[in-house]
>>> print(open('entry_26.cif').read())   # mmCIF, C-alpha atoms
data_model
#
loop_
_atom_site.label_atom_id
_atom_site.label_comp_id
_atom_site.auth_asym_id
_atom_site.auth_seq_id
_atom_site.Cartn_x
_atom_site.Cartn_y
_atom_site.Cartn_z
CA MET A 1 10.90 42.20 -35.79
CA GLN A 2 11.89 42.79 -39.42
CA LEU A 3 15.64 43.14 -38.96
CA THR A 4 17.34 39.85 -38.16
CA PRO A 5 20.94 39.65 -36.91
CA PHE A 6 23.64 38.06 -39.04
CA ARG A 7 26.79 38.98 -37.15
CA GLU A 8 27.58 41.46 -34.39
CA ARG A 9 26.53 44.93 -35.66
CA ILE A 10 25.09 43.44 -38.89
CA TRP A 11 21.36 42.98 -39.56
CA MET A 12 19.36 41.84 -42.58
CA VAL A 13 15.82 42.29 -43.84
CA ALA A 14 14.40 40.14 -46.66
CA ARG A 15 11.60 41.08 -49.05
CA PRO A 16 9.79 39.26 -51.88
CA GLN A 17 10.76 40.40 -55.36
CA LYS A 18 10.27 39.07 -58.87
CA PHE A 19 12.71 39.33 -61.75
CA TRP A 20 11.32 38.45 -65.19
CA GLY A 21 8.41 36.80 -63.41
CA VAL A 22 10.62 34.61 -61.21
CA GLU A 23 10.58 35.08 -57.44
CA THR A 24 14.17 35.81 -56.46
CA GLY A 25 13.61 37.81 -53.30
CA THR A 26 15.87 40.63 -52.22
CA ARG A 27 17.72 41.50 -49.06
CA MET A 28 18.95 44.70 -47.43
CA THR A 29 21.83 44.78 -44.96
CA VAL A 30 22.37 47.29 -42.17
CA VAL A 31 25.84 47.66 -40.66
CA GLN A 32 26.40 49.63 -37.48
CA LEU A 33 29.67 51.51 -37.92
CA SER A 34 32.22 52.12 -35.18
CA ASP A 35 30.83 55.60 -34.52
CA GLY A 36 27.32 54.19 -34.04
CA GLY A 37 26.05 55.39 -37.41
CA LEU A 38 24.37 53.07 -39.91
CA PHE A 39 25.46 51.89 -43.35
CA VAL A 40 22.33 50.82 -45.28
CA HIS A 41 23.24 48.47 -48.14
CA GLY A 42 20.75 47.67 -50.93
CA PRO A 43 17.75 49.63 -49.56
CA VAL A 44 14.32 47.98 -49.68
CA ALA A 45 10.91 49.60 -49.22
CA LEU A 46 10.96 51.74 -46.08
CA GLU A 47 7.86 50.71 -44.19
CA ALA A 48 6.98 52.37 -40.87
CA ARG A 49 7.88 49.34 -38.78
CA LEU A 50 11.24 48.91 -40.51
CA ARG A 51 11.99 52.59 -40.06
CA ASP A 52 11.31 52.34 -36.33
CA GLU A 53 13.72 49.42 -36.04
CA VAL A 54 16.41 51.17 -38.05
CA ASP A 55 16.05 54.37 -36.01
CA ALA A 56 16.44 52.36 -32.81
CA LEU A 57 19.88 51.20 -33.97
CA GLY A 58 21.32 54.65 -34.66
CA PRO A 59 21.47 57.49 -37.18
CA VAL A 60 21.63 56.54 -40.87
CA ARG A 61 24.95 57.81 -42.24
CA ALA A 62 25.01 56.22 -45.70
CA ILE A 63 22.40 54.86 -48.11
CA VAL A 64 24.34 52.58 -50.43
CA CYS A 65 23.02 51.57 -53.86
CA ALA A 66 25.87 49.17 -54.51
CA SER A 67 24.43 47.61 -57.71
CA ARG A 68 22.93 49.20 -60.79
CA TYR A 69 19.85 47.01 -60.24
CA HIS A 70 19.18 47.85 -56.58
CA HIS A 71 17.90 51.40 -56.55
CA LEU A 72 14.09 51.36 -56.58
CA TYR A 73 13.73 52.63 -53.02
CA ALA A 74 16.73 54.94 -52.89
CA GLY A 75 14.56 58.03 -53.23
CA GLU A 76 12.32 57.27 -50.28
CA TRP A 77 15.32 56.55 -48.07
CA ALA A 78 16.97 59.79 -49.17
CA ASP A 79 13.78 61.70 -48.36
CA ALA A 80 13.50 60.04 -44.95
CA TYR A 81 17.17 60.59 -44.08
CA PRO A 82 18.27 63.83 -45.78
CA ASP A 83 21.46 64.03 -43.70
CA ALA A 84 22.68 60.64 -44.93
CA ALA A 85 25.01 60.34 -47.92
CA LEU A 86 23.26 58.77 -50.92
CA CYS A 87 25.88 56.64 -52.67
CA ALA A 88 25.82 54.86 -56.04
CA CYS A 89 27.90 52.54 -58.15
CA PRO A 90 29.17 54.35 -61.28
CA ARG A 91 26.66 53.12 -63.88
CA LEU A 92 23.67 53.92 -61.70
CA VAL A 93 24.30 57.67 -61.80
CA ASP A 94 23.15 58.08 -65.42
CA LYS A 95 20.35 55.56 -64.95
CA ARG A 96 18.81 57.51 -62.07
CA GLN A 97 19.27 61.13 -63.07
CA ASP A 98 16.22 61.98 -60.96
CA LEU A 99 18.30 61.35 -57.83
CA ARG A 100 21.05 63.52 -56.44
CA PHE A 101 23.87 61.23 -55.43
CA ASP A 102 26.38 62.53 -52.92
CA HIS A 103 29.08 60.01 -53.72
CA VAL A 104 30.00 57.71 -56.62
CA MET A 105 31.69 54.55 -55.33
CA ARG A 106 34.65 52.81 -56.89
CA ASP A 107 37.55 51.12 -55.10
CA GLU A 108 38.28 53.66 -52.38
CA PRO A 109 36.03 53.62 -49.30
CA HIS A 110 34.21 56.79 -48.29
CA GLU A 111 35.36 58.35 -45.03
CA ILE A 112 31.98 57.50 -43.52
CA TRP A 113 32.70 53.77 -43.56
CA GLY A 114 36.42 53.59 -44.35
CA GLY A 115 37.32 52.48 -40.84
CA ASP A 116 34.92 49.54 -40.96
CA LEU A 117 34.53 48.36 -44.55
CA GLU A 118 36.79 47.70 -47.53
CA GLN A 119 35.47 47.54 -51.08
CA VAL A 120 36.10 46.42 -54.66
CA HIS A 121 34.34 47.82 -57.72
CA PHE A 122 33.13 44.68 -59.52
CA SER A 123 32.23 45.63 -63.09
CA ALA A 124 31.24 43.38 -66.00
CA ARG A 125 29.35 43.83 -69.27
CA PHE A 126 25.87 43.85 -67.74
CA GLU A 127 26.76 44.26 -64.08
CA ASP A 128 28.13 47.09 -62.02
CA GLU A 129 28.48 46.54 -58.29
CA VAL A 130 30.64 47.55 -55.38
CA VAL A 131 31.33 44.54 -53.14
CA PHE A 132 32.08 45.26 -49.47
CA PHE A 133 33.99 43.48 -46.70
CA HIS A 134 33.27 44.17 -43.03
CA THR A 135 36.65 43.65 -41.45
CA ALA A 136 35.59 43.17 -37.82
CA THR A 137 33.29 40.23 -38.59
CA ARG A 138 34.92 39.04 -41.85
CA THR A 139 31.58 39.41 -43.63
CA LEU A 140 31.24 39.89 -47.39
CA LEU A 141 28.34 42.08 -48.54
CA CYS A 142 27.15 41.63 -52.11
CA LEU A 143 23.95 42.01 -54.08
CA ASP A 144 24.19 40.46 -57.55
CA ALA A 145 27.81 39.27 -57.58
CA LEU A 146 26.66 36.02 -55.97
CA LEU A 147 23.29 34.23 -56.25
CA ASN A 148 22.09 31.34 -54.10
CA LEU A 149 18.71 30.33 -55.50
CA SER A 150 19.00 26.54 -55.61
CA THR A 151 17.45 26.25 -52.12
CA HIS A 152 14.82 28.97 -52.60
CA PRO A 153 11.41 28.09 -51.05
CA ALA A 154 9.63 28.64 -54.39
CA ARG A 155 9.70 25.50 -56.54
CA SER A 156 9.59 27.54 -59.77
CA THR A 157 12.66 29.49 -58.65
CA ARG A 158 14.57 26.31 -57.88
CA MET A 159 13.67 24.95 -61.32
CA VAL A 160 14.92 28.09 -63.07
CA ALA A 161 18.10 27.98 -60.97
CA ARG A 162 18.75 24.42 -62.11
CA LEU A 163 18.10 25.33 -65.74
CA MET A 164 20.61 28.17 -65.42
CA ALA A 165 23.12 25.85 -63.72
CA ASN A 166 22.91 27.88 -60.52
CA THR A 167 22.98 24.79 -58.33
CA ALA A 168 25.23 26.30 -55.65
CA PRO A 169 26.11 29.84 -54.61
CA GLY A 170 27.51 31.47 -57.73
CA LYS A 171 26.52 32.56 -61.23
CA GLY A 172 24.59 30.62 -63.87
CA TYR A 173 25.97 29.79 -67.30
CA LEU A 174 24.37 32.86 -68.92
CA GLU A 175 26.27 35.24 -66.66
CA ARG A 176 29.47 33.36 -67.40
CA ILE A 177 28.96 33.81 -71.14
CA VAL A 178 28.26 37.54 -70.96
CA VAL A 179 30.83 38.48 -68.32
CA GLY A 180 32.75 40.49 -70.92
CA ASN A 181 36.39 41.25 -70.13
CA ARG A 182 37.51 38.09 -68.36
CA ALA A 183 40.94 39.42 -67.48
CA ARG A 184 39.38 42.37 -65.67
CA ALA A 185 36.81 40.14 -63.95
CA ARG A 186 39.58 37.76 -62.89
CA GLU A 187 41.53 40.60 -61.28
CA GLN A 188 38.45 41.88 -59.45
CA VAL A 189 37.67 38.41 -58.09
CA ARG A 190 41.30 37.95 -57.10
CA ARG A 191 41.11 41.13 -55.01
CA ILE A 192 37.89 39.99 -53.34
CA LEU A 193 39.54 36.67 -52.49
CA GLU A 194 42.35 38.53 -50.72
CA TRP A 195 39.81 39.12 -47.97
CA ASP A 196 39.55 36.23 -45.52
CA SER A 197 35.76 36.34 -45.56
CA ASP A 198 33.70 34.01 -43.42
CA GLY A 199 30.00 34.81 -43.85
CA ILE A 200 28.36 36.29 -46.95
CA VAL A 201 25.17 38.35 -47.02
CA LEU A 202 23.68 38.43 -50.52
CA ALA A 203 20.48 39.81 -52.00
CA HIS A 204 19.07 36.81 -53.84
CA GLY A 205 18.90 33.52 -51.98
CA SER A 206 20.10 32.26 -48.64
CA PRO A 207 23.05 33.96 -46.92
CA VAL A 208 26.25 31.97 -46.50
CA PRO A 209 26.94 31.51 -42.77
CA ARG A 210 30.56 30.35 -42.96
CA ASP A 211 33.51 29.58 -45.27
CA GLY A 212 32.69 32.63 -47.37
CA ARG A 213 36.03 32.90 -49.10
CA GLU A 214 35.91 29.26 -50.20
CA VAL A 215 32.31 29.64 -51.41
CA PHE A 216 33.14 32.76 -53.43
CA ALA A 217 36.26 31.13 -54.88
CA GLU A 218 34.26 28.09 -55.99
CA ALA A 219 31.53 30.31 -57.47
CA TYR A 220 34.11 31.96 -59.74
CA SER A 221 36.36 28.96 -60.31
CA TRP A 222 35.40 29.09 -64.00
CA LEU A 223 37.48 32.28 -64.26
CA ARG A 224 40.53 30.29 -63.12
CA VAL A 225 41.66 32.97 -60.70
#
>>> encode(input="entry_26.cif", output="structure tokens")
Amino acid sequence: MQLTPFRERIWMVARPQKFWGVETGTRMTVVQLSDGGLFVHGPVALEARLRDEVDALGPVRAIVCASRYHHLYAGEWADAYPDAALCACPRLVDKRQDLRFDHVMRDEPHEIWGGDLEQVHFSARFEDEVVFFHTATRTLLCLDALLNLSTHPARSTRMVARLMANTAPGKGYLERIVVGNRARAREQVRRILEWDSDGIVLAHGSPVPRDGREVFAEAYSWLRV
């Protein structure tokens, strides 16, 4: 079994991945929508076994590249599920001109998932991500907006996390320096904190099983929201 449950109608699959030579891992999330269709968030490599498990859950309705850095396998998912909407955050569209995106995501949910998920376009100088909130389970879905590497199994990763001051779920000091427009970032975080989130599924590091709103608020406390 590659997909592991996180909440009712939410599954995760983790994969190894290196960034600048450091093992950070990555994670895809699958949400089963109210109509039975699937919302695939942060697609990873589509191996045969994973495809079988996904197909057993229902038809793929949306392939969601929510961050400008999570797109490597978008093409193979689009080829495998041509009837699904391929969706991108704004700055990914120019980066991947080889792909035909059906929808560019900002703050308004697409009709495919609008009855199940809310969203905020979280944009900074070097980041561009759409953060989602699954209302039924109070689950926050993010990719790079939150890191949790201080408990990573790889010792080298934990060391780098400590050097970057990523000692709890959040962002290291480098990301804080280069965030860019702090007023805009503060408003985006404020909107995310309006959600009463419990769990958080993130791409890099361990998921947060409870108290998600408090964890996210602490992670961005340096913005003084």
>>> residues_around(input="entry_26.cif", residues="segment 84-89 of chain A", least_positions_apart="4", cutoff="7 Å", atoms="only C-alpha atoms", output="number ranges by chain")
A: 60-68, 78, 93, 101-106, 128-130
>>> closest_atom_pairs(input="entry_26.cif", of="segment 22-71 of chain A", to="segment 134-141 of chain A", cutoff="9 Å", atoms="all atoms listed in the file", output="CSV")
residue,atom,partner,partner_atom,distance
A:Thr29,CA,A:Leu141,CA,7.9
A:Val31,CA,A:His134,CA,8.5
A:His41,CA,A:Leu141,CA,8.2
>>> closest_atom_pairs(input="entry_26.cif", of="segment 36-137 of chain A", to="segment 187-208 of chain A", cutoff="9 Å", atoms="all atoms listed in the file", output="JSON lines")
{"residue": "A:Gly42", "atom": "CA", "partner": "A:Ala203", "partner_atom": "CA", "distance": 7.9}
{"residue": "A:Gln119", "atom": "CA", "partner": "A:Ile192", "partner_atom": "CA", "distance": 8.2}
{"residue": "A:Val120", "atom": "CA", "partner": "A:Ile192", "partner_atom": "CA", "distance": 6.8}
{"residue": "A:His121", "atom": "CA", "partner": "A:Gln188", "partner_atom": "CA", "distance": 7.4}
{"residue": "A:Phe122", "atom": "CA", "partner": "A:Gln188", "partner_atom": "CA", "distance": 6.0}
{"residue": "A:Ser123", "atom": "CA", "partner": "A:Gln188", "partner_atom": "CA", "distance": 8.1}
{"residue": "A:Val131", "atom": "CA", "partner": "A:Ile192", "partner_atom": "CA", "distance": 8.0}
{"residue": "A:Phe132", "atom": "CA", "partner": "A:Ile192", "partner_atom": "CA", "distance": 8.7}
{"residue": "A:Phe133", "atom": "CA", "partner": "A:Trp195", "partner_atom": "CA", "distance": 7.4}
{"residue": "A:His134", "atom": "CA", "partner": "A:Ser197", "partner_atom": "CA", "distance": 8.6}
{"residue": "A:Thr135", "atom": "CA", "partner": "A:Ser197", "partner_atom": "CA", "distance": 8.4}
{"residue": "A:Thr137", "atom": "CA", "partner": "A:Asp198", "partner_atom": "CA", "distance": 7.9}
>>> atom_distance(input="entry_26.cif", atom1="atom CA of Ile112 of chain A", atom2="atom CA of Val215 of chain A")
29.0 Å
>>> closest_residue(input="entry_26.cif", among="A:Val40, A:Ser34, A:Asp83, A:Ala124", to="Arg184 of chain A", atoms="all atoms listed in the file")
A:Ala124
>>> atom_distance(input="entry_26.cif", atom1="atom CA of Met28 of chain A", atom2="atom CA of Leu92 of chain A")
17.6 Å
